[in-house]
Structure formats: structure tokens, C-alpha cells
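K.L.:
Structure incoming, see below.
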Amino acid sequence: MCSGQLHAATATLTVSTTTIAFGNVNIGQTAIQSVTLSSTGTAPVTVSSISVAGSLFSATGVSTPLTLNPGQTAKLTASFSPLAANPWNYTGLITIASNSSTNPSLAISMSGAGIAMTPTLIVSATTIAFGNVNVGQTATQSVTLSSTGTAPVTISSISVAGSLFGATGVSTPLTLNPGQTAKLTASFSPLVANPWNYTGLITIASNSSTNPSSAINMSGAGIAVPTLKALSCGTSSYTGAGTDACTVSLTAAAPGGGQIVSLSSSNPAVIVPATVSVPSGATSAGFSATVSSVTSAQSVTLTATSGAVAQSFAIQLSAMTPTLGISSSSASFGSVALNTTVSQSLTLTSAGTGPVIISSAGISGAGFTLSGITFPTTLNPGQTATLNIQFDPTTSGAATGQISIASNSSTGTSTIITLGGAGLAALKSLSCGNASMTGAGTDACTVTLNGGAPAGGMVINLASNNAAVTVPATVTVPANAASAVFSATVTAVATAQAVSITASAGSASQNFALELNAAVATLSLSTSSINYGNVNIGATATAPVILTSTGNVPVVISGVSVAGSLFGATGILTPLTLNPGQTATLSASFSPLVANPWNYTGAITISSNSSSNPSAVVNMSGAGVAPSALSAISCGTASYTAAGTDACTVSLTGAAPSGGFTVALSSNNSAVTLPASVTVASGATSAAFSVSVSTVTSSQSATITATAAGVSQIFAIQLGNGVGSLSINATSVPFGAVVVNSTAAQSITLTASGTSPVTLSAASITAVGFTVSGATFPLTLNPGQTATLNIEFAPLTTGSFTGQLTISSNCAGGNIAVGLSGTSEPHEVQLSWGLPSGSTDPVVGYNIYRTVAGSSDYVLLNAAEDSQTTYTDTTVMHATSYVYYVMSVDSSGVQSSASNTIALTIP
């Protein structure tokens, strides 16, 4: 339940404007404007009629009667269509009749003037000055003709006065609609030079309301074409390639559009553009002559031509001499250790008068490489470049090579630099296959050089600091090889020792450390005693004994002996050698012949070279017993009326032997299932197993049989058919009063109260407003199990509701019905307020106002003043927000100012 305030509904019509000014409108045309009609009250407004006063005005778009709900709008189209021009405004009136609480007869005043249509032609220019134009050439300028009136303008003719002038681009007659344009091209073509201006006139005849005969005055002067005066360049002598800046000059300023001058060269070593253009008004223009190097002295003539006039310029080309200089003709590196890099550099110099081009540099000889210059490379006179040479010998002995430099040098296109050096090999390392050895053996060792041995090989001296390890006096690395192998012979030692093997050659030596471990043979047994326990007379019990070589040298088992006639040991043939980490399995056995009340004993003795316990003993014991027999079978329950599991037991006459005692099981009824066998553990006298009982539809008997060694025992079970029954904790569910659009929930419990399972197939409700949940069907309840169903009542309207929940199951009684009932109440808002304070005017009652949230239109809720300070609003709608306020009323009916507002939302 909510608290708040409400208002009365009112119909209100508003319009977007009450005046329309159409302004000036061409005669015969129609101007329109839109007016929006809006329902701004809290109740629908009905527009009953729309009338228009004024024959030139109209209103369309709305058909009456028209009802607009609160918030709805409609669009009315007002129009004005003048038939004649007038110096004053026409006026009209639209009247809109409705049931609006304010202004039920709305008036919209209209005004507008009719104007006549006028053709008008405007010309973009009335004078054209072409200026100086070369004789024999034509200059043009454009003129734009525009229709700027309110009616189409027609150009009837265009005429030109002055034989050297012209006008093209417009064909007459031509009609231009208001806003359209046309382009007229005026031209001037002088035939001879003159010291004064030629003049001409274009006349444009039209129906323009202003200036029906427009005139465009034209003027221009003809001038003679200037001639070529001179050709000059910045440099008249060149050695090598370059660029020369040249200029052509005219006798006078170039005409409009410029003047073209043709160019040529008498020698391909100097290249010029085909033409150069002197700009309009200029007397000269520059261009570039590109000069290439020549190998002999040559003369070149550049020629410029314009019309019948030619000018020339002579350039002398001198030959260039490229010369390559080298800082040394040889490089000697001396003796260098193998796989070590040594560098030297050479300086290349351009010593001639022309650039020297070094196209490539090649190097030959093992171990020599080049770097520092990327080819081809060009050195201008005086420039230098550095060439880096590296020597990195990989084999011992002398090495030679050469560098061949190709260039365009005048002293020769191929320059040779000789190279020399020698590689020296050295002892690099000594290594052996094993760094630790136990007992005698041979270790494979290697000496390694840092490069190939020289011719004749390289002798390496060898030595050992311990007599337990012997090595050869020397080993020779073959010519060009980088390593050689030898063997170190190791003798077994009784104590741990460290040995150092040394290899030396010249001043270089390398060492290898070898650790010698003492040799120890050790035999370990997995057990030192075996107890066979009770063994049936005539049976054999066995037990494994694992023998392991746990020393660092092989252990030798020389013999295995057994004491005790009933005991044995097999699986090993002696002598047997076990390497470190190896194992062997000895099978020990006990075979009693008669029963005895005490244990038989025996022993296995294992002889070996083990450093510890060389005669290891495994003690054995066991007792002979008569075989056990099956004595009984029993179960916990002898009668069943429903499915279940029975705990059963088989019993023996005595303890089960070693390895256990197996009993076969069977049932004569498929409703009773059990395992095929059960094993009584060694030393035990009984074993348990489970029997599964299924539900039957009629009374039956079942027999369980246990069998072992020709002896059988039985147990009988009686099976009866169970009764399924379903009970419920309530046969009716009353929900009482629930507010509209809210939910109330209750639950019922179902119980399987019979002696067999109950299957619930469905639960359904036949009533509006009620729903059921909480279980997935079909659902099976075993005897004693329960299930909970949740029932909800969620009314959407007011009133009383009844229904029924039907539960379907496999019970003999059939379906179960549960009655449902409930009533729904509307939402209401309870308002309360305090008495006015600080007023001397007695209050006789109160008015309560309400509006929908977001609106400013409040309505009065109470028909008469409320004398109480409380009010209940029962007309609210769910999912709606409201705002309330209260005004007090005196005896004269005068209301006070509004109280504070309260806002709330109905759920």
C-alpha cells in the first residue's frame, strides 16, 4: 500500500502558433505553413470543426471531428494563394472549435501580399579591356548573363560592333528561368600593330524589366611580336661533367601567352631542352645546359631560334684524367695464431683531374677477407677511401693471396696488391669420456687444437700423476687434423683417489681431472625372514626374495642352500653374477605334509663375495593345518515386501588357508541377485556379501546356495508384493487477500507412505493466477521419501479466484486434488498531513491534487472538501508514478498555497 495525492482529468488543446505571416507570394503560386495541434491536458480533447475566413486562404490536413488523447498531436496545413497584386496585405482567419477546458474556440490569424512576376537580366560586366594583344593572336574574356527577376527573361538577340571583336557562346533567342545563367565569350583579334586602342560594342536585347538593351564596351591594342636578341651561358669552358646556366633575351617584352624559343646543341656531350618560353611581359628566360665528361678536347655550339632569328653560344670541353693511387702495393701479416683475426688497411686516393670509378675489388688466398668499401664507388679528384684487409688463418703454415682492384684509372684498369702471412696451431683442450671411474677400465681421451695441424703432424706430450692411470708418452695430431685420441688405462683401487692427466705442446698445456672410486661388491636381500602362516596339508605356499647388487662392482652369488625338508628355494642357478643395480628373484616355498600344533622352521643360506654379509640367511617358518570346510550361509532378512539389499555371510569350520578360501554363490530366483563367488580371507573364518532384492508383483520364495569343496549350504528368502500409497499434508490451500500484481507463495508436502515406490507422473493447475513448481516429472518416491510442491498466487485483476491442483500417480487411489482459493485487492495510496500552522484563517477542509510523474497538470481527486487530515486514493494504476499535494480551504472557499509534494511509484 502506497501513500500519495491525485487530480481531476481535464481536456486541453494548444496550437503551435496563433499568427501566420506568408509575406510576399507571386501571383498564381501557393505558400503553405504548418500548425501543430496538441492535446496537453489529462483527458482526450475533441476538435469538432475547423473553419477558414478569407477566400485566398485555406486549412487542410485535419478531418473533424478529431479526438486527440493526452500527449497526441495533429498537423494542420495553412495556405495562401494570391490571384492579383496588391499594395497591402490580404488577411484571413482559421477558427478551431473543441471541448478544450481553455479557449474552446482557438483563432489563428493569417496575412500575406500578392506580387507581380518581373523578368530581369543582369550582365556581369559592362566594359572589357583586352590590353595589349600580339598581332595575329586572339584574346578572350567571359561575361555572365543572369536571370535575377521573378519571371523568365528572354534574350532575343546579341549584336557586335567593331570588326576586330566578337561574341560567342549564346544562341538567341534564349530563355533563362529565374536563377539561371548563361556564359557569353567576348574576343579581340588585332591584325596590325597600332599606337592606340581599338574599340567595340556588344548589344544584348531582351524583355528585361530593367535595361532591355544592355551594352558592353570593349577595347584593346595590337602590338608587334618581339625578336630574339641574344643567347648567353655562365661558363664557356668545362672540364668534366656539370650544369651551365644559360639565358635567351628578346628585343622587347614577350606578348600575352609568352614567346617560345627553340634550343639545340651541336654535341651530345651537352644537352639542352628543346624549347624555353619567355613569359608574357618578360624580355628573357633562363634554362640549364647539362655537360657530360669527355675523354678528349671538344667544341660545342648551342643555338637558340625564334622565327627567322637565331643566336649561338660556344662552349669548350676539356678531357679529364682519372688516376687511382694506393698507399701500399703489399700487406704482410706475419705469424698469426689459428682462428685469430688481424686487420690492416689500405688508402685509395683519386689523384687525377677526373673522378676515378672503382668498379670492384676481389681477394684470393685462404684466410684473407675484405671490407670497408661498397662497389662500385666513385672518388672525385682528391677524395680517398679506406679498404680493410683481415687475416684469420684456420690451418697452420704460410698463406699468400692478392687483392685485384678494377677501376677506370689512367694508370691501368687493374691494380694488384700482394698479401702474405702464416698460421700457427696451438693446443686448445684435453678431455676424457669419464670424469669418475670405479674399478678397472679404459677411458677414451681427446686432445684438440685450435686449427689444423701443420704438415708432418703435431706431437702432444702426455703424462699422469698417478700410477693407477697410465697413458702413452705422446700422441700425434695428423697433418691438417684438429684432434687426436688416446686411451687412459685405469687399475682398480682400494681407496678413493684423484688423478690428473696432462697434455702439453710447446708452452701450452691442458689438464683433465679423473676421480677413482674404491671397488665394493654388495648383495642386499628384500627380506631376512618369511612366515608362511597356516598352510593346508598337501598345498605349497611361496614367497619371493629379491637379491640386489647395491655395490659399485659386480657381486657373484656362489651358492644357495636350504635347511628344512619341508622348505625349498628355486629360481636361481649358481654361480650368478649381478652387475651394480641388477636384481634376481629367489622363490622360497613351504609344503607341509601333516598338521602340527607348532611351526615348522627352515633357513636359506646365500653365499657371495659381498663386502658385507657374504653368507646371508633367510629364516622361514610355517604351520600345517587341515583344510577348512563350508559350515553355513545366513542373511539379515528372510522376508521382503519391496526392493532392498540384504547383508549375508558365509562361515567356515576353521580359518581359511593362505591365499584365502573361495565359496561359489547362486540364486534360484531372478528377483534376487548376488555375486558369483565370495572369498574368505586367509586366516579368517567368514566373509560377507550383499544380495539385491527387486520388487515382485506376487508372493514368491527364493533360495540362495553357497558351495565349496563339495559342501553346499542354503538360505531361504520370502518375497511379497508391496503396496504403493501417496499422502499429502493439505487438501486445500487458501491464499487469502493478495494485492494485484504481487505474488504470494505456499507449499504442500507429498509422502510415499506405502511399502513400495510411488511414481508421480504430473502436477497441473486449472485456474488463472495460480502456478506450481518445485518438482520435475515423472518423479519416483521410495517408501518414506517426500517431495515439496511450491504454489504461487499472482492475481492481475481484482476479484475472487478459485482453482484446483491435480497430482497424477500410479497409486491405486488415482489422482489427488488440492483446492486453491484467494482474493485480490487493488493498490491504494494513503495520504496524511499536518494542520496548517501560522494562519489565523480557520480551515474547513482540504483539496487533494494528483498528477502523473513528469506532467505539470494536476487534477482534483475529492468531489467535496475533505475535513480530515487523511485521504485514501483507490484509483491508482500499477507500474505508474504519481505526485501529490494538498491545499487547505477556508469557509469562503478560498484555497491556500500548495503544500510540499510527495512522489511515489505503484509497484
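So you can find residues: chains in the C-alpha cells are A, B, ... in the order shown, residues in each start at 1, and ligands are numbered from 1 in order.
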Tell me, as a VMD selection string, which residues lie within 7 Å of stretch 409-426 of chain A, counting only C-alpha atoms; anything in the same chain fewer than 3 positions away does not count.

P.N.:
chain A and resid 321 to 324 329 to 338 356 393 395 to 406 449 to 453

K.L.:
Considering only C-alpha atoms, return as number ranges by chain whatever protein or nucleic-acid residues lie within 8 Å of A:Thr476, sequence-local ones (same chain, fewer than 5 positions apart) excluded.

P.N.:
A: 457-460, 484

K.L.:
May I have the selected residues written with all heavy atoms, as a PDB file, in the first residue's frame?

P.N.:
ATOM      1  N   GLY A 457     102.276 -33.334 -39.076  1.00  0.00           N
ATOM      2  CA  GLY A 457     101.552 -33.541 -37.826  1.00  0.00           C
ATOM      3  C   GLY A 457     102.121 -32.735 -36.677  1.00  0.00           C
ATOM      4  O   GLY A 457     103.139 -32.052 -36.812  1.00  0.00           O
ATOM      5  N   MET A 458     101.441 -32.835 -35.505  1.00  0.00           N
ATOM      6  CA  MET A 458     101.861 -32.100 -34.318  1.00  0.00           C
ATOM      7  C   MET A 458     101.876 -33.068 -33.136  1.00  0.00           C
ATOM      8  O   MET A 458     100.863 -33.719 -32.836  1.00  0.00           O
ATOM      9  CB  MET A 458     100.909 -30.937 -34.044  1.00  0.00           C
ATOM     10  CG  MET A 458     101.328 -30.039 -32.910  1.00  0.00           C
ATOM     11  SD  MET A 458     100.279 -28.561 -32.844  1.00  0.00           S
ATOM     12  CE  MET A 458     100.977 -27.730 -31.438  1.00  0.00           C
ATOM     13  N   VAL A 459     103.048 -33.201 -32.446  1.00  0.00           N
ATOM     14  CA  VAL A 459     103.230 -34.140 -31.348  1.00  0.00           C
ATOM     15  C   VAL A 459     102.801 -33.480 -30.035  1.00  0.00           C
ATOM     16  O   VAL A 459     103.239 -32.374 -29.709  1.00  0.00           O
ATOM     17  CB  VAL A 459     104.682 -34.624 -31.253  1.00  0.00           C
ATOM     18  CG1 VAL A 459     104.868 -35.551 -30.041  1.00  0.00           C
ATOM     19  CG2 VAL A 459     105.087 -35.342 -32.540  1.00  0.00           C
ATOM     20  N   ILE A 460     101.948 -34.198 -29.274  1.00  0.00           N
ATOM     21  CA  ILE A 460     101.469 -33.729 -27.970  1.00  0.00           C
ATOM     22  C   ILE A 460     102.036 -34.667 -26.906  1.00  0.00           C
ATOM     23  O   ILE A 460     101.902 -35.905 -26.999  1.00  0.00           O
ATOM     24  CB  ILE A 460      99.930 -33.722 -27.906  1.00  0.00           C
ATOM     25  CG1 ILE A 460      99.331 -32.978 -29.113  1.00  0.00           C
ATOM     26  CG2 ILE A 460      99.460 -33.132 -26.590  1.00  0.00           C
ATOM     27  CD1 ILE A 460      99.687 -31.522 -29.179  1.00  0.00           C
ATOM     28  N   ALA A 484      93.236 -35.565 -31.847  1.00  0.00           N
ATOM     29  CA  ALA A 484      93.701 -36.953 -31.838  1.00  0.00           C
ATOM     30  C   ALA A 484      93.242 -37.587 -30.547  1.00  0.00           C
ATOM     31  O   ALA A 484      93.080 -36.913 -29.517  1.00  0.00           O
ATOM     32  CB  ALA A 484      95.225 -37.017 -31.960  1.00  0.00           C
TER      33      ALA A 484
END

K.L.:
Got a sec: who's within 6 Å of stretch 572-576 of chain A, counting only C-alpha atoms, leaving out chain neighbours fewer than 5 positions off, as a list of chain:residue names?

P.N.:
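These residues fall inside the cut-off: A:Val556, A:Ile557, A:Ser558, A:Gly559.
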
K.L.:
Near stretch 890-900 of chain A, within 12 Å and counting only C-alpha atoms, which residues show up once chain neighbours fewer than 6 positions away are dropped, as a PyMOL selection string?

P.N.:
chain A and resi 4-5+832-837+839-850+858+864-867+883-884

K.L.:
What are the DSSP strand (DSSP E or B) residues of stretch 702-876 of chain A, as an NGL selection string?

P.N.:
:A and (702-708 or 711-719 or 726-728 or 732-739 or 744-752 or 758-765 or 770-773 or 779-781 or 786-793 or 799-809 or 816-825 or 829-832 or 845-852 or 859-860 or 866 or 870-873)

K.L.:
List as a CSV table (one decimal) with N, CA, C and O atoms, in the first residue's frame the protein and nucleic acid residues near A:Asn197, meaning an atom at most 9 Å away when only C-alpha atoms are counted, but skip any in the same chain fewer than 3 places from it.

P.N.:
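Okay, part-v3.csv is ready:
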chain,number,residue,atom,x,y,z
A,131,GLY,N,43.6,44.9,-73.3
A,131,GLY,CA,45.0,45.3,-73.2
A,131,GLY,C,45.8,45.0,-74.4
A,131,GLY,O,45.2,45.0,-75.5
A,132,ASN,N,47.1,44.8,-74.3
A,132,ASN,CA,48.0,44.5,-75.5
A,132,ASN,C,47.8,43.1,-75.9
A,132,ASN,O,48.0,42.1,-75.1
A,194,ASN,N,49.1,49.0,-83.6
A,194,ASN,CA,48.6,50.3,-83.6
A,194,ASN,C,49.0,51.0,-82.3
A,194,ASN,O,49.1,50.3,-81.2
A,219,SER,N,37.6,47.2,-75.5
A,219,SER,CA,38.8,48.0,-76.0
A,219,SER,C,40.0,47.0,-76.0
A,219,SER,O,40.1,46.1,-75.3
A,220,GLY,N,41.0,47.3,-76.9
A,220,GLY,CA,42.2,46.5,-77.0
A,220,GLY,C,43.2,47.1,-78.0
A,220,GLY,O,42.9,47.9,-78.9
A,221,ALA,N,44.5,46.8,-77.8
A,221,ALA,CA,45.6,47.3,-78.7
A,221,ALA,C,46.3,46.2,-79.3
A,221,ALA,O,46.6,45.1,-78.7
A,222,GLY,N,46.7,46.3,-80.6
A,222,GLY,CA,47.5,45.3,-81.3
A,222,GLY,C,49.0,45.7,-81.2
A,222,GLY,O,49.4,46.9,-81.4

K.L.:
Show me, as a ChimeraX atom specification, the residues that have an atom within 6 Å of stretch 628-641 of chain A when counting only C-alpha atoms, minus same-chain residues fewer than 2 positions from it.

P.N.:
/A:647-654,713,717-722

K.L.:
Would you compute the distance between atom CA of A:Val272 and atom CA of A:Ser237? Give it in Å to one decimal.

P.N.:
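Pair atom CA of A:Val272 / atom CA of A:Ser237 returns 16.2 Å.
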
K.L.:
Got a sec: who's within 8 Å of stretch 734-745 of chain A, counting only C-alpha atoms, leaving out chain neighbours fewer than 4 positions off, as a PyMOL selection string?

P.N.:
chain A and resi 790-798+820-827+878+907

K.L.:
Please, what distance in Å, to one decimal, runs between atom CA of A:Ser312 and atom CA of A:Ser265?

P.N.:
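These two atoms are separated by 9.5 Å.
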
K.L.:
Of the candidates A:Gly710, A:Gly286, A:Pro190, A:Pro226, which one gets nearest to A:Phe130 if we count only C-alpha atoms?

P.N.:
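Of A:Gly710, A:Gly286, A:Pro190, A:Pro226, the one nearest A:Phe130 is A:Pro190, counting only C-alpha atoms.
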
K.L.:
At what distance in Å, to one decimal, does atom CA of A:Gln33 lie from atom CA of A:Ser48?

P.N.:
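Pair atom CA of A:Ser48 / atom CA of A:Gln33 returns 21.9 Å.
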
K.L.:
Between A:Ser81, A:Thr144, A:Thr880, A:Thr601, which has the minimum distance to A:Gly114 (counting only C-alpha atoms)?

P.N.:
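The answer is A:Ser81, which sits nearest to A:Gly114.
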
K.L.:
Which one is closest to A:Gly602: A:Trp196, A:Gln180, A:Ser587, A:Ser621? Count only C-alpha atoms.

P.N.:
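Among A:Trp196, A:Gln180, A:Ser587, A:Ser621, it is A:Ser621 that comes nearest to A:Gly602.
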